[in-house]
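This is model-v4.pdb. It holds PDB, C-alpha atoms.
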```pdb
ATOM      1  CA  MET A   1      94.745 126.186  87.315  1.00  0.00           C
ATOM      2  CA  SER A   2      95.438 126.941  90.937  1.00  0.00           C
ATOM      3  CA  THR A   3      96.747 124.834  93.773  1.00  0.00           C
ATOM      4  CA  SER A   4      95.322 125.564  97.185  1.00  0.00           C
ATOM      5  CA  GLY A   5      94.740 129.188  96.313  1.00  0.00           C
ATOM      6  CA  LEU A   6      95.499 132.336  98.246  1.00  0.00           C
ATOM      7  CA  ALA A   7      93.417 131.292 101.258  1.00  0.00           C
ATOM      8  CA  TRP A   8      95.880 128.513 102.168  1.00  0.00           C
ATOM      9  CA  LYS A   9      99.076 130.122 100.886  1.00  0.00           C
ATOM     10  CA  ILE A  10     102.031 129.713 103.233  1.00  0.00           C
ATOM     11  CA  SER A  11     103.818 133.026 103.665  1.00  0.00           C
ATOM     12  CA  GLY A  12     107.032 133.176 101.637  1.00  0.00           C
ATOM     13  CA  LYS A  13     106.243 130.105  99.533  1.00  0.00           C
ATOM     14  CA  ILE A  14     104.838 129.631  96.069  1.00  0.00           C
ATOM     15  CA  GLY A  15     102.779 126.740  94.841  1.00  0.00           C
ATOM     16  CA  ASP A  16     103.363 124.664  91.757  1.00  0.00           C
ATOM     17  CA  SER A  17     101.060 126.661  89.449  1.00  0.00           C
ATOM     18  CA  PRO A  18     103.518 129.464  88.612  1.00  0.00           C
ATOM     19  CA  ILE A  19     106.355 126.996  88.013  1.00  0.00           C
ATOM     20  CA  ILE A  20     106.255 125.841  84.417  1.00  0.00           C
ATOM     21  CA  ARG A  21     105.474 122.119  84.141  1.00  0.00           C
ATOM     22  CA  ALA A  22     105.213 121.616  87.905  1.00  0.00           C
ATOM     23  CA  GLY A  23     101.442 121.657  88.464  1.00  0.00           C
ATOM     24  CA  SER A  24     100.651 120.422  84.985  1.00  0.00           C
ATOM     25  CA  TYR A  25     102.333 118.557  82.177  1.00  0.00           C
ATOM     26  CA  PHE A  26     101.255 117.609  78.678  1.00  0.00           C
ATOM     27  CA  ASP A  27     102.420 115.737  75.646  1.00  0.00           C
ATOM     28  CA  ASN A  28     100.200 115.841  72.561  1.00  0.00           C
ATOM     29  CA  ARG A  29     100.906 112.171  71.831  1.00  0.00           C
ATOM     30  CA  ALA A  30     100.278 110.951  75.395  1.00  0.00           C
ATOM     31  CA  GLY A  31      97.887 113.288  77.216  1.00  0.00           C
ATOM     32  CA  VAL A  32      97.761 115.807  80.025  1.00  0.00           C
ATOM     33  CA  ALA A  33      97.841 115.754  83.826  1.00  0.00           C
ATOM     34  CA  VAL A  34      97.096 118.580  86.267  1.00  0.00           C
ATOM     35  CA  ALA A  35      97.372 118.704  90.026  1.00  0.00           C
ATOM     36  CA  THR A  36      95.890 120.636  92.883  1.00  0.00           C
ATOM     37  CA  SER A  37      96.505 121.021  96.616  1.00  0.00           C
ATOM     38  CA  ILE A  38      99.895 121.043  98.370  1.00  0.00           C
ATOM     39  CA  GLY A  39     102.211 122.534  95.741  1.00  0.00           C
ATOM     40  CA  GLU A  40     105.392 121.525  97.537  1.00  0.00           C
ATOM     41  CA  GLU A  41     104.380 117.856  97.322  1.00  0.00           C
ATOM     42  CA  ILE A  42     103.545 118.150  93.635  1.00  0.00           C
ATOM     43  CA  ILE A  43     106.856 119.877  92.863  1.00  0.00           C
ATOM     44  CA  ARG A  44     108.961 117.470  94.914  1.00  0.00           C
ATOM     45  CA  ILE A  45     107.648 114.319  93.254  1.00  0.00           C
ATOM     46  CA  ALA A  46     107.095 115.719  89.703  1.00  0.00           C
ATOM     47  CA  ASP A  47     103.834 113.789  89.626  1.00  0.00           C
ATOM     48  CA  CYS A  48     102.240 115.398  86.594  1.00  0.00           C
ATOM     49  CA  PHE A  49     105.278 114.500  84.513  1.00  0.00           C
ATOM     50  CA  LEU A  50     105.178 110.958  85.907  1.00  0.00           C
ATOM     51  CA  ILE A  51     101.490 110.531  85.045  1.00  0.00           C
ATOM     52  CA  VAL A  52     102.034 111.634  81.434  1.00  0.00           C
ATOM     53  CA  VAL A  53     105.082 109.380  81.060  1.00  0.00           C
ATOM     54  CA  LEU A  54     103.081 106.418  82.357  1.00  0.00           C
ATOM     55  CA  MET A  55     100.229 107.216  79.956  1.00  0.00           C
ATOM     56  CA  ARG A  56     102.777 107.481  77.122  1.00  0.00           C
ATOM     57  CA  GLY A  57     103.738 103.916  77.987  1.00  0.00           C
ATOM     58  CA  GLY A  58     100.110 102.803  77.622  1.00  0.00           C
ATOM     59  CA  MET A  59      98.908 103.003  81.225  1.00  0.00           C
ATOM     60  CA  HIS A  60      95.284 104.111  81.749  1.00  0.00           C
ATOM     61  CA  PRO A  61      95.015 107.612  83.320  1.00  0.00           C
ATOM     62  CA  GLN A  62      93.337 106.179  86.437  1.00  0.00           C
ATOM     63  CA  LYS A  63      96.202 103.770  87.103  1.00  0.00           C
ATOM     64  CA  ALA A  64      98.808 106.435  86.293  1.00  0.00           C
ATOM     65  CA  CYS A  65      97.256 108.841  88.829  1.00  0.00           C
ATOM     66  CA  GLU A  66      97.194 106.088  91.450  1.00  0.00           C
ATOM     67  CA  GLU A  67     100.907 105.436  90.870  1.00  0.00           C
ATOM     68  CA  ALA A  68     101.629 109.127  91.454  1.00  0.00           C
ATOM     69  CA  LEU A  69      99.662 109.073  94.718  1.00  0.00           C
ATOM     70  CA  LYS A  70     101.589 105.982  95.844  1.00  0.00           C
ATOM     71  CA  ARG A  71     104.804 107.989  95.417  1.00  0.00           C
ATOM     72  CA  ILE A  72     103.429 110.817  97.555  1.00  0.00           C
ATOM     73  CA  ILE A  73     102.400 108.385 100.282  1.00  0.00           C
ATOM     74  CA  LYS A  74     105.789 106.644 100.197  1.00  0.00           C
ATOM     75  CA  SER A  75     107.717 109.927 100.288  1.00  0.00           C
ATOM     76  CA  ASN A  76     105.774 110.864 103.447  1.00  0.00           C
ATOM     77  CA  ASN A  77     106.417 107.503 105.155  1.00  0.00           C
ATOM     78  CA  GLY A  78     102.767 106.546 104.787  1.00  0.00           C
ATOM     79  CA  LYS A  79     101.510 109.547 106.772  1.00  0.00           C
ATOM     80  CA  VAL A  80      99.342 111.870 104.738  1.00  0.00           C
ATOM     81  CA  ASN A  81      97.234 114.427 106.527  1.00  0.00           C
ATOM     82  CA  PHE A  82      96.753 116.592 103.463  1.00  0.00           C
ATOM     83  CA  GLN A  83      94.864 116.429 100.192  1.00  0.00           C
ATOM     84  CA  ASP A  84      96.481 116.119  96.769  1.00  0.00           C
ATOM     85  CA  ALA A  85      94.471 115.426  93.627  1.00  0.00           C
ATOM     86  CA  PHE A  86      95.106 114.798  89.944  1.00  0.00           C
ATOM     87  CA  LEU A  87      93.058 115.062  86.795  1.00  0.00           C
ATOM     88  CA  ALA A  88      94.360 113.308  83.689  1.00  0.00           C
ATOM     89  CA  VAL A  89      93.244 112.753  80.106  1.00  0.00           C
ATOM     90  CA  ASN A  90      95.124 110.535  77.685  1.00  0.00           C
ATOM     91  CA  ALA A  91      95.373 111.036  73.915  1.00  0.00           C
ATOM     92  CA  GLU A  92      92.477 108.618  73.345  1.00  0.00           C
ATOM     93  CA  GLY A  93      90.196 110.721  75.570  1.00  0.00           C
ATOM     94  CA  TYR A  94      90.085 108.456  78.626  1.00  0.00           C
ATOM     95  CA  THR A  95      89.952 110.465  81.853  1.00  0.00           C
ATOM     96  CA  ALA A  96      90.685 110.078  85.546  1.00  0.00           C
ATOM     97  CA  SER A  97      90.281 112.089  88.719  1.00  0.00           C
ATOM     98  CA  VAL A  98      91.990 110.688  91.779  1.00  0.00           C
ATOM     99  CA  SER A  99      92.687 112.260  95.169  1.00  0.00           C
ATOM    100  CA  LEU A 100      94.439 111.120  98.317  1.00  0.00           C
ATOM    101  CA  LEU A 101      91.417 111.699 100.536  1.00  0.00           C
ATOM    102  CA  PRO A 102      87.656 111.808  99.920  1.00  0.00           C
ATOM    103  CA  GLY A 103      85.983 115.092  99.042  1.00  0.00           C
ATOM    104  CA  PHE A 104      87.772 116.270  95.882  1.00  0.00           C
ATOM    105  CA  ARG A 105      85.174 117.608  93.452  1.00  0.00           C
ATOM    106  CA  TYR A 106      85.594 118.916  89.947  1.00  0.00           C
ATOM    107  CA  TYR A 107      83.364 120.218  87.160  1.00  0.00           C
ATOM    108  CA  ILE A 108      82.832 118.820  83.684  1.00  0.00           C
ATOM    109  CA  TYR A 109      81.396 121.041  80.988  1.00  0.00           C
ATOM    110  CA  GLN A 110      80.140 119.212  77.907  1.00  0.00           C
ATOM    111  CA  GLY A 111      77.993 120.832  75.300  1.00  0.00           C
ATOM    112  CA  ASP A 112      75.618 122.979  77.310  1.00  0.00           C
ATOM    113  CA  LYS A 113      75.738 120.944  80.541  1.00  0.00           C
ATOM    114  CA  LEU A 114      77.838 121.621  83.616  1.00  0.00           C
ATOM    115  CA  GLU A 115      78.122 118.723  86.052  1.00  0.00           C
ATOM    116  CA  VAL A 116      79.951 118.336  89.329  1.00  0.00           C
ATOM    117  CA  SER A 117      81.710 115.032  89.939  1.00  0.00           C
ATOM    118  CA  GLU A 118      83.667 113.611  92.821  1.00  0.00           C
ATOM    119  CA  GLY A 119      87.025 112.048  92.126  1.00  0.00           C
ATOM    120  CA  ILE A 120      87.954 108.617  93.356  1.00  0.00           C
ATOM    121  CA  SER A 121      89.741 108.794  96.703  1.00  0.00           C
ATOM    122  CA  PHE A 122      92.815 106.642  97.026  1.00  0.00           C
ATOM    123  CA  ILE A 123      92.706 106.494 100.823  1.00  0.00           C
ATOM    124  CA  ARG A 124      89.248 105.695 102.144  1.00  0.00           C
ATOM    125  CA  ASN A 125      88.260 106.623 105.661  1.00  0.00           C
TER     126      ASN A 125
END
```

What would you get if you wrote out this structure as C-alpha coordinates?
Amino acid sequence: MSTSGLAWKISGKIGDSPIIRAGSYFDNRAGVAVATSIGEEIIRIADCFLIVVLMRGGMHPQKACEEALKRIIKSNNGKVNFQDAFLAVNAEGYTASVSLLPGFRYYIYQGDKLEVSEGISFIRN
(Lines of atoms letter the chains of each structure in order from A and count residues from 1; the text may use other names and numbers.)
(Lines give C-alpha, C1' and ligand atoms only; values in the text may rest on other atoms or scores of the structure.)
Protein backbone atom coordinates (compact mmCIF):
# COMPACT_ATOMS: atom_id res chain seq x y z
CA MET A 1 0.00 0.00 0.00
CA SER A 2 1.21 3.49 -0.75
CA THR A 3 -0.25 6.89 -0.05
CA SER A 4 0.37 9.54 -2.66
CA GLY A 5 3.64 7.95 -3.68
CA LEU A 6 7.03 9.48 -4.31
CA ALA A 7 5.74 11.84 -7.01
CA TRP A 8 3.77 13.90 -4.46
CA LYS A 9 6.03 13.41 -1.44
CA ILE A 10 6.59 16.59 0.57
CA SER A 11 10.27 17.00 1.35
CA GLY A 12 11.07 16.06 4.95
CA LYS A 13 7.74 14.34 5.59
CA ILE A 14 6.63 10.74 5.57
CA GLY A 15 3.22 9.43 4.71
CA ASP A 16 1.11 7.05 6.73
CA SER A 17 2.25 3.86 4.97
CA PRO A 18 5.51 3.37 6.91
CA ILE A 19 3.81 4.08 10.24
CA ILE A 20 2.37 0.86 11.60
CA ARG A 21 -1.44 0.97 11.78
CA ALA A 22 -1.68 4.50 10.38
CA GLY A 23 -2.55 3.87 6.72
CA SER A 24 -4.24 0.56 7.43
CA TYR A 25 -5.84 -1.25 10.32
CA PHE A 26 -7.32 -4.71 10.71
CA ASP A 27 -9.08 -6.89 13.20
CA ASN A 28 -9.80 -10.48 12.18
CA ARG A 29 -13.22 -10.35 13.86
CA ALA A 30 -14.26 -7.01 12.35
CA GLY A 31 -12.46 -6.41 9.04
CA VAL A 32 -9.84 -4.22 7.44
CA ALA A 33 -9.55 -0.63 6.25
CA VAL A 34 -6.81 0.98 4.14
CA ALA A 35 -6.31 4.57 3.10
CA THR A 36 -4.59 6.48 0.36
CA SER A 37 -3.75 10.10 -0.41
CA ILE A 38 -2.71 12.78 2.10
CA GLY A 39 -0.90 10.78 4.79
CA GLU A 40 -0.91 13.61 7.32
CA GLU A 41 -4.72 13.69 7.25
CA ILE A 42 -4.96 9.93 7.66
CA ILE A 43 -2.52 9.94 10.59
CA ARG A 44 -4.13 12.90 12.34
CA ILE A 45 -7.64 11.45 12.37
CA ALA A 46 -6.73 7.73 12.76
CA ASP A 47 -9.42 6.97 10.21
CA CYS A 48 -8.54 3.38 9.42
CA PHE A 49 -8.80 2.50 13.10
CA LEU A 50 -12.12 4.35 13.30
CA ILE A 51 -13.54 2.48 10.30
CA VAL A 52 -12.65 -0.91 11.78
CA VAL A 53 -14.07 0.03 15.18
CA LEU A 54 -17.32 1.12 13.55
CA MET A 55 -17.49 -2.14 11.57
CA ARG A 56 -16.82 -4.06 14.80
CA GLY A 57 -19.93 -2.37 16.15
CA GLY A 58 -21.96 -3.64 13.19
CA MET A 59 -21.77 -0.66 10.83
CA HIS A 60 -21.59 -1.46 7.09
CA PRO A 61 -18.16 -0.64 5.57
CA GLN A 62 -19.70 2.00 3.29
CA LYS A 63 -21.24 3.90 6.21
CA ALA A 64 -18.07 3.50 8.30
CA CYS A 65 -15.94 5.01 5.51
CA GLU A 66 -18.39 7.90 5.16
CA GLU A 67 -18.11 8.60 8.90
CA ALA A 68 -14.32 8.77 8.57
CA LEU A 69 -14.61 11.23 5.68
CA LYS A 70 -17.00 13.38 7.73
CA ARG A 71 -14.28 13.64 10.39
CA ILE A 72 -11.73 14.77 7.81
CA ILE A 73 -14.10 17.40 6.47
CA LYS A 74 -14.92 18.65 9.97
CA SER A 75 -11.26 18.79 11.01
CA ASN A 76 -10.59 21.00 7.96
CA ASN A 77 -13.52 23.35 8.70
CA GLY A 78 -15.41 22.04 5.68
CA LYS A 79 -12.67 23.03 3.22
CA VAL A 80 -11.16 20.08 1.42
CA ASN A 81 -9.08 20.70 -1.67
CA PHE A 82 -7.38 17.32 -1.54
CA GLN A 83 -8.29 13.70 -2.14
CA ASP A 84 -8.46 11.04 0.56
CA ALA A 85 -9.91 7.59 -0.07
CA PHE A 86 -10.66 4.43 1.88
CA LEU A 87 -11.19 0.81 1.01
CA ALA A 88 -12.81 -1.42 3.62
CA VAL A 89 -13.93 -5.03 3.93
CA ASN A 90 -15.78 -6.37 6.94
CA ALA A 91 -15.55 -9.91 8.33
CA GLU A 92 -18.67 -10.94 6.38
CA GLY A 93 -17.04 -9.89 3.09
CA TYR A 94 -19.00 -6.69 2.45
CA THR A 95 -16.82 -4.03 0.81
CA ALA A 96 -16.70 -0.28 0.32
CA SER A 97 -14.60 2.24 -1.55
CA VAL A 98 -15.26 5.87 -0.71
CA SER A 99 -13.28 9.00 -1.55
CA LEU A 100 -13.67 12.68 -0.76
CA LEU A 101 -13.70 13.74 -4.40
CA PRO A 102 -14.61 11.99 -7.67
CA GLY A 103 -11.94 10.12 -9.61
CA PHE A 104 -10.62 7.51 -7.15
CA ARG A 105 -10.20 4.22 -9.01
CA TYR A 106 -9.12 0.85 -7.72
CA TYR A 107 -8.67 -2.66 -9.11
CA ILE A 108 -10.44 -5.86 -8.13
CA TYR A 109 -8.90 -9.19 -9.01
CA GLN A 110 -11.24 -12.16 -8.73
CA GLY A 111 -10.44 -15.53 -10.17
CA ASP A 112 -8.81 -14.72 -13.48
CA LYS A 113 -10.47 -11.32 -14.03
CA LEU A 114 -9.03 -7.91 -13.28
CA GLU A 115 -11.54 -5.06 -13.22
CA VAL A 116 -11.17 -1.37 -12.56
CA SER A 117 -13.86 0.28 -10.45
CA GLU A 118 -14.48 3.82 -9.32
CA GLY A 119 -15.19 4.45 -5.67
CA ILE A 120 -18.15 6.44 -4.50
CA SER A 121 -17.25 10.10 -4.02
CA PHE A 122 -18.51 11.70 -0.85
CA ILE A 123 -18.36 15.25 -2.20
CA ARG A 124 -19.90 15.56 -5.64
CA ASN A 125 -18.97 18.40 -7.93

Next item on the list: List the residues matched by the PyMOL selection byres ((chain A and resi 30) around 6) in the displayed structure as a ChimeraX atom specification, ordered by chain and then by residue number.
Entry: /A:27-29,31,55-56,90-91

Note to self: Take the PyMOL selection byres ((chain A and resi 86) around 9), run it mentally on this structure, and tell me the resulting residues as a ChimeraX atom specification.
What the structure shows: /A:33-36,47-48,65,68-69,84-85,87-88,96-99,119

Selection export as a JSON list (two decimals), keeping the file's coordinate frame, atoms kept: C-alpha atoms:
```
[["chain", "number", "residue", "atom", "x", "y", "z"],
["A", 33, "ALA", "CA", 97.84, 115.75, 83.83],
["A", 34, "VAL", "CA", 97.10, 118.58, 86.27],
["A", 35, "ALA", "CA", 97.37, 118.70, 90.03],
["A", 36, "THR", "CA", 95.89, 120.64, 92.88],
["A", 47, "ASP", "CA", 103.83, 113.79, 89.63],
["A", 48, "CYS", "CA", 102.24, 115.40, 86.59],
["A", 65, "CYS", "CA", 97.26, 108.84, 88.83],
["A", 68, "ALA", "CA", 101.63, 109.13, 91.45],
["A", 69, "LEU", "CA", 99.66, 109.07, 94.72],
["A", 84, "ASP", "CA", 96.48, 116.12, 96.77],
["A", 85, "ALA", "CA", 94.47, 115.43, 93.63],
["A", 87, "LEU", "CA", 93.06, 115.06, 86.80],
["A", 88, "ALA", "CA", 94.36, 113.31, 83.69],
["A", 96, "ALA", "CA", 90.68, 110.08, 85.55],
["A", 97, "SER", "CA", 90.28, 112.09, 88.72],
["A", 98, "VAL", "CA", 91.99, 110.69, 91.78],
["A", 99, "SER", "CA", 92.69, 112.26, 95.17],
["A", 119, "GLY", "CA", 87.02, 112.05, 92.13]]
```

Next item on the list: Rank A:Arg71, A:Ile42, A:Tyr25, A:Gly58 by their smallest atom-to-atom distance to Tyr94 of chain A, using only C-alpha atoms, and report the top residue only.
Entry: A:Gly58

Note to self: Please report the interatomic distance between atom CA of Arg44 of chain A and atom CA of Phe104 of chain A in Å with one decimal.
What the structure shows: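 Taking atom CA of Arg44 of chain A as the start and atom CA of Phe104 of chain A as the end point, the length is 21.2 Å.
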
Just need the box for segment 46-57 of chain A, edges along x, y and z, holding every atom the file lists for it with 8 Å tacked onto each side, so centre and edge lengths in Å to one decimal, as JSON.
```
{"center_x": 103.7, "center_y": 109.8, "center_z": 83.4, "size_x": 22.9, "size_y": 27.8, "size_z": 28.6}
```

Check: A:Val32, A:Val89, A:Ala46, A:Leu100: which is nearest Glu66 of chain A, counting all atoms listed in the file?
Finding: A:Leu100
